[in-house]
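Heads up: the structure comes next, in structure tokens.
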Amino acid sequence: MTPLSTIGLPEIIAGIMLAALNAYVLTGGADFGGGVWDLLASGRSRDEQRSLIERSIAPIWEANHVWLIVVVVLLFSAFSPAFAVLGVVLHIPVSLMLVGIVLRGSAFVFRSYGGRAHSQQWGTLFAVTSLITPVILGMIIGAIVSDRVGLASGRVGAGMGSFSEVFVYPWLSPFTVVVGAFALALFAFLAATYLTVAADTDGLRDAFRRRALGAAGAVFVLAAAAIVLSFQSAPRVAHGVAGAWWSVPLHLGTAVAAITAIVALWRRRYRVARIAAGAQVSLVLWGWAFAQNPYLIPPALTIRDAASPPLTLGLLLVALCAGFIILIPSLRYLYRTFARASAPEHSSSSPT
């Protein structure tokens with residue numbers, strides 16, 4: 001972790017970028033998880049489950065992507081060498097993820113507003129892309145932390161290596177697949193926990209409560225598998241998570257949040273569970289960032305190495321401050337507006 005004395009504009013911008021990614025995981029990630037439960041809806045209340053998911057996602061699913069846009073713009077403007085490496089080495093999974101996001105959004109719109117003629121087909125496409133896209137996102141993160149992306153970028157510059165060695169091998173491995181499955185489990189856990197709050201009947205609450213508890217178990221198993229594999233595939237992050245001075249507080253905080261979420265779900269304290277689930281996922285994300293610090297693309301690019309000139313970073317920070325002054329109140333107004341609009345029909349606002 002970077003000492004406070006060495007924190008400058010590059011680290012501040014990187015921290016803002018990570019905070020925006022955190023916001024996207026807690027909002028857009030939960031929407032992806034909702035699509036997973038749409039695919040797996042079953043039982044007598046299957047139609048009611050899908051209706052709840054649709055009501056919860058519909059008002060704000062587009063707005064959630066603003067956080068992903070912030071991350072991409074910051075990466076391009078403040079750390080353009082890292083943007084270039086990711087865009088070249090990981091062009092296949094990044095393209096697949098973007099296609100998945102577009103197809104998912106299009107399918108959701110056509111299913112919701114395009115009439116009943118092909119609603120089932122659009123619903124299937126929406127659910128399948130909701131399942132695949134988070135896995136690809138997790139695989140991209142796994143590829144970055146495993147050092148394979150940074151090493152492959154050196155081969156590109158030197159004109160060495162086959163196509164598969166440079167553009168496939170870095171993101172396709174047992175470790176990256178497990179990290180992708182872990183990301184999917186986290187999103188599904190968030191969505192099910194949020195939906196227990198949004199549900200308007202005891203039957204729906206219990207249905208998503210069971211799903212949330214099952215997803216929590218999957219998160220635990222996949223987290224353990226990722227940690228075991230990381231000691232060989234991503235030793236830098238593994239040793240950071242296991243041996244850094246901040247690792248004990250991080251693990252304790254994550255464990256407390258996870259246990260609180262599970263106990264709250266078990267005791268049907270759904271609002272407490274929602275807060276604890278969000279804290280657990282956030283701590284996992286920040287733990288990865290701290291373990292990888294000071295690298296953006298290990299072992300090739302540190303935050304300082306990839307940073308734009310100070311003038312560019314300074315102007316970017318001013319633009320961010322001005323933008324957030326407009327963005328935060330606007331999003332708050334959006335959420336509150338749809339919460340009031342939905343209040344007569346169900347007990348809570350959108351899960352995100």
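Going through the structure tokens in order, the chains are called A, B, and so on, while each chain numbers its residues from 1 and the ligands are numbered from 1 in the order shown.
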Next item on the list: Excluding Gln121 (chain A) and residues on its chain fewer than 6 positions from it, collect all residues at most 12 Å away from it, counting only C-alpha atoms, and give them as a list in words.
Entry: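 Neighbouring residues, sequence-local ones excluded: Leu39, Ala107, Phe108, Phe110, Arg111, Ser112, Gly114, Gly115, Ala127 and Val128 of chain A.
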Next item on the list: Find the residues around region 59-76 of chain A up to 9 Å (only C-alpha atoms counted), leave out those fewer than 3 positions away in its own chain, and share them as a VMD selection string.
Entry: chain A and resid 13 to 14 16 to 25 27 to 29 31 55 to 56 79 to 84 105 316 331 334 to 335 338 350 352
Please identify every residue of region 70-158 of chain A that has at least one atom no farther than 10 Å from an atom of region 226-245 of chain A, counting only C-alpha atoms, and for each give the shortest atom pair and the distance in Å to one decimal, arranged by chain then increasing number, as CSV.
```
residue,atom,partner,partner_atom,distance
A:Gly142,CA,A:Ala234,CA,8.3
A:Ala143,CA,A:Ala234,CA,8.9
A:Ile144,CA,A:Ala234,CA,9.1
A:Val145,CA,A:Ala234,CA,6.0
A:Ser146,CA,A:Ala234,CA,4.1
A:Asp147,CA,A:Ala234,CA,6.8
A:Arg148,CA,A:Ser233,CA,9.0
```
May I have the selected residues written with N, CA and C atoms, as a PDB file, in the first residue's frame?
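Okay, result.pdb is ready:
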```
ATOM      1  N   GLY A 142      -9.078 -11.088 -13.155  1.00  0.00           N
ATOM      2  CA  GLY A 142      -8.151 -12.175 -12.857  1.00  0.00           C
ATOM      3  C   GLY A 142      -6.925 -12.150 -13.738  1.00  0.00           C
ATOM      4  N   ALA A 143      -7.106 -11.809 -15.011  1.00  0.00           N
ATOM      5  CA  ALA A 143      -5.969 -11.721 -15.926  1.00  0.00           C
ATOM      6  C   ALA A 143      -5.023 -10.599 -15.529  1.00  0.00           C
ATOM      7  N   ILE A 144      -5.587  -9.474 -15.079  1.00  0.00           N
ATOM      8  CA  ILE A 144      -4.742  -8.342 -14.688  1.00  0.00           C
ATOM      9  C   ILE A 144      -3.913  -8.687 -13.453  1.00  0.00           C
ATOM     10  N   VAL A 145      -4.546  -9.259 -12.438  1.00  0.00           N
ATOM     11  CA  VAL A 145      -3.831  -9.518 -11.189  1.00  0.00           C
ATOM     12  C   VAL A 145      -2.832 -10.656 -11.316  1.00  0.00           C
ATOM     13  N   SER A 146      -2.987 -11.493 -12.336  1.00  0.00           N
ATOM     14  CA  SER A 146      -2.074 -12.634 -12.477  1.00  0.00           C
ATOM     15  C   SER A 146      -0.763 -12.281 -13.160  1.00  0.00           C
ATOM     16  N   ASP A 147      -0.564 -11.025 -13.523  1.00  0.00           N
ATOM     17  CA  ASP A 147       0.645 -10.542 -14.210  1.00  0.00           C
ATOM     18  C   ASP A 147       0.684 -10.936 -15.679  1.00  0.00           C
ATOM     19  N   ARG A 148      -0.257 -11.749 -16.145  1.00  0.00           N
ATOM     20  CA  ARG A 148      -0.177 -12.244 -17.513  1.00  0.00           C
ATOM     21  C   ARG A 148      -0.387 -11.123 -18.537  1.00  0.00           C
TER      22      ARG A 148
END
```
Margin query: With distances taken over only C-alpha atoms, which residue among A:Arg44, A:Ser173, A:His91, A:Ala183 lies nearest Val135 (chain A)?
Written below: A:Ala183
Next item on the list: Using only C-alpha atoms, find the one residue out of A:Val168, A:Leu40, A:Leu186, A:Ala218 that sits nearest to Leu90 (chain A).
Entry: A:Val168
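Interatomic distance, CA of Ser308 (chain A) against CA of Gly8 (chain A): 12.4 Å.
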Margin query: Need to verify the contact set: Val89 (chain A), 9 Å, only C-alpha atoms, exclusion of same-chain residues closer than 5 positions in sequence. Can you return it as a list of chain:residue names?
Written below: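 Contacts, with the query itself left out: A:Ala84, A:Val149, A:Gly150, A:Ala152, A:Ser153, A:Val156, A:Val166, A:Phe167, A:Val168, A:Pro170.
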For the selection just defined, write its residues with N, CA and C atoms to a file, as a PDB file, in the first residue's frame.
```pdb
ATOM      1  N   ALA A  84      -4.185   1.502 -23.124  1.00  0.00           N
ATOM      2  CA  ALA A  84      -3.702   0.903 -24.369  1.00  0.00           C
ATOM      3  C   ALA A  84      -3.379  -0.573 -24.180  1.00  0.00           C
ATOM      4  N   VAL A 149      -1.244 -10.153 -18.192  1.00  0.00           N
ATOM      5  CA  VAL A 149      -1.491  -9.059 -19.125  1.00  0.00           C
ATOM      6  C   VAL A 149      -0.233  -8.212 -19.286  1.00  0.00           C
ATOM      7  N   GLY A 150       0.421  -7.892 -18.157  1.00  0.00           N
ATOM      8  CA  GLY A 150       1.633  -7.097 -18.224  1.00  0.00           C
ATOM      9  C   GLY A 150       2.743  -7.803 -18.993  1.00  0.00           C
ATOM     10  N   ALA A 152       2.326 -10.131 -21.319  1.00  0.00           N
ATOM     11  CA  ALA A 152       1.934 -10.217 -22.724  1.00  0.00           C
ATOM     12  C   ALA A 152       2.133  -8.888 -23.435  1.00  0.00           C
ATOM     13  N   SER A 153       1.967  -7.771 -22.722  1.00  0.00           N
ATOM     14  CA  SER A 153       2.176  -6.460 -23.350  1.00  0.00           C
ATOM     15  C   SER A 153       3.630  -6.296 -23.781  1.00  0.00           C
ATOM     16  N   VAL A 156       4.002  -8.005 -27.102  1.00  0.00           N
ATOM     17  CA  VAL A 156       3.444  -7.213 -28.201  1.00  0.00           C
ATOM     18  C   VAL A 156       4.468  -6.186 -28.667  1.00  0.00           C
ATOM     19  N   VAL A 166      -0.378 -14.255 -26.723  1.00  0.00           N
ATOM     20  CA  VAL A 166      -0.516 -12.835 -26.409  1.00  0.00           C
ATOM     21  C   VAL A 166      -1.963 -12.447 -26.121  1.00  0.00           C
ATOM     22  N   PHE A 167      -2.921 -13.001 -26.857  1.00  0.00           N
ATOM     23  CA  PHE A 167      -4.289 -12.504 -26.795  1.00  0.00           C
ATOM     24  C   PHE A 167      -5.302 -13.481 -26.194  1.00  0.00           C
ATOM     25  N   VAL A 168      -4.919 -14.717 -25.936  1.00  0.00           N
ATOM     26  CA  VAL A 168      -5.846 -15.699 -25.366  1.00  0.00           C
ATOM     27  C   VAL A 168      -5.353 -16.211 -24.019  1.00  0.00           C
ATOM     28  N   PRO A 170      -3.443 -14.986 -21.676  1.00  0.00           N
ATOM     29  CA  PRO A 170      -3.481 -14.129 -20.484  1.00  0.00           C
ATOM     30  C   PRO A 170      -4.810 -14.143 -19.735  1.00  0.00           C
TER      31      PRO A 170
END
```
Note to self: Which residues are near Thr196 (chain A)? Cut-off 10 Å, only C-alpha atoms, ignore same chain within fewer than 2 positions. Put them as a PyMOL selection string.
What the structure shows: chain A and resi 191-194+198-202+204-212+265+268-271+273-274+348+351
Please produce an output containing N, CA and C atoms for each residue in the selection, written as a compact mmCIF listing (two decimals), in the first residue's frame.
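Saved to result_24.txt:
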```txt
# COMPACT_ATOMS: atom_id res chain seq x y z
N ALA A 191 -27.77 -9.17 -5.58
CA ALA A 191 -29.10 -9.02 -6.15
C ALA A 191 -30.15 -9.70 -5.29
N ALA A 192 -29.90 -10.93 -4.87
CA ALA A 192 -30.88 -11.64 -4.06
C ALA A 192 -31.11 -10.94 -2.73
N THR A 193 -30.04 -10.41 -2.14
CA THR A 193 -30.19 -9.70 -0.87
C THR A 193 -30.98 -8.41 -1.06
N TYR A 194 -30.68 -7.66 -2.12
CA TYR A 194 -31.44 -6.44 -2.39
C TYR A 194 -32.91 -6.75 -2.65
N ALA A 198 -36.84 -5.38 -1.65
CA ALA A 198 -37.77 -4.86 -2.64
C ALA A 198 -39.06 -5.68 -2.73
N ALA A 199 -39.03 -6.93 -2.27
CA ALA A 199 -40.21 -7.81 -2.41
C ALA A 199 -41.38 -7.26 -1.62
N ASP A 200 -42.59 -7.50 -2.14
CA ASP A 200 -43.79 -6.98 -1.49
C ASP A 200 -44.66 -8.06 -0.87
N THR A 201 -44.20 -9.31 -0.90
CA THR A 201 -44.94 -10.40 -0.24
C THR A 201 -43.95 -11.27 0.51
N ASP A 202 -44.45 -11.95 1.53
CA ASP A 202 -43.59 -12.85 2.31
C ASP A 202 -43.06 -13.99 1.45
N LEU A 204 -42.27 -13.99 -1.77
CA LEU A 204 -41.16 -13.53 -2.58
C LEU A 204 -39.93 -13.27 -1.72
N ARG A 205 -40.13 -12.69 -0.55
CA ARG A 205 -38.99 -12.45 0.35
C ARG A 205 -38.30 -13.77 0.70
N ASP A 206 -39.08 -14.78 1.03
CA ASP A 206 -38.49 -16.07 1.38
C ASP A 206 -37.79 -16.70 0.19
N ALA A 207 -38.35 -16.54 -1.01
CA ALA A 207 -37.72 -17.11 -2.20
C ALA A 207 -36.34 -16.51 -2.43
N PHE A 208 -36.24 -15.19 -2.32
CA PHE A 208 -34.95 -14.55 -2.55
C PHE A 208 -34.03 -14.66 -1.33
N ARG A 209 -34.62 -14.85 -0.16
CA ARG A 209 -33.79 -15.12 1.03
C ARG A 209 -33.04 -16.43 0.85
N ARG A 210 -33.74 -17.46 0.39
CA ARG A 210 -33.07 -18.76 0.16
C ARG A 210 -31.99 -18.63 -0.91
N ARG A 211 -32.26 -17.88 -1.95
CA ARG A 211 -31.28 -17.69 -3.00
C ARG A 211 -30.06 -16.91 -2.49
N ALA A 212 -30.31 -15.91 -1.66
CA ALA A 212 -29.20 -15.12 -1.11
C ALA A 212 -28.31 -15.99 -0.23
N LEU A 265 -29.96 -12.26 7.13
CA LEU A 265 -30.86 -12.97 6.22
C LEU A 265 -31.58 -14.10 6.95
N ARG A 268 -34.21 -12.70 9.00
CA ARG A 268 -35.12 -11.88 8.21
C ARG A 268 -35.01 -10.39 8.53
N ARG A 269 -33.80 -9.96 8.81
CA ARG A 269 -33.52 -8.53 8.97
C ARG A 269 -32.93 -8.03 7.65
N TYR A 270 -33.81 -7.83 6.68
CA TYR A 270 -33.36 -7.68 5.30
C TYR A 270 -32.61 -6.38 5.04
N ARG A 271 -32.99 -5.31 5.67
CA ARG A 271 -32.29 -4.04 5.43
C ARG A 271 -30.88 -4.08 6.01
N ALA A 273 -29.17 -6.83 6.25
CA ALA A 273 -28.46 -7.72 5.33
C ALA A 273 -28.00 -6.97 4.08
N ARG A 274 -28.84 -6.05 3.58
CA ARG A 274 -28.46 -5.30 2.38
C ARG A 274 -27.22 -4.45 2.62
N SER A 348 -40.61 -1.32 -1.10
CA SER A 348 -39.30 -0.67 -1.14
C SER A 348 -38.99 -0.28 -2.55
N PRO A 351 -33.77 -2.41 -5.97
CA PRO A 351 -32.72 -3.04 -5.17
C PRO A 351 -31.40 -2.35 -5.32
```
Item checked: Selected residue, from A:Gly180, A:Thr337, A:Leu301, A:Pro309, that lies nearest to Ile140 (chain A) when counting only C-alpha atoms -> A:Gly180
Item checked: region 123-168 of chain A: residues DSSP assigns to alpha helix (DSSP H), reported as a PyMOL selection string -> chain A and resi 123-145+148-158+163-167
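Using only C-alpha atoms, the shortest contact distance between Asp305 (chain A) and any of A:Ala78, A:Ala277, A:Val99, A:Ala225 is found at A:Ala78.
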Next item on the list: Give me, please, the distance in Å between CA of Ala185 (chain A) and CA of Val85 (chain A), quoted to one decimal.
Entry: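 Result for CA of Ala185 (chain A) versus CA of Val85 (chain A): 27.9 Å, one decimal.
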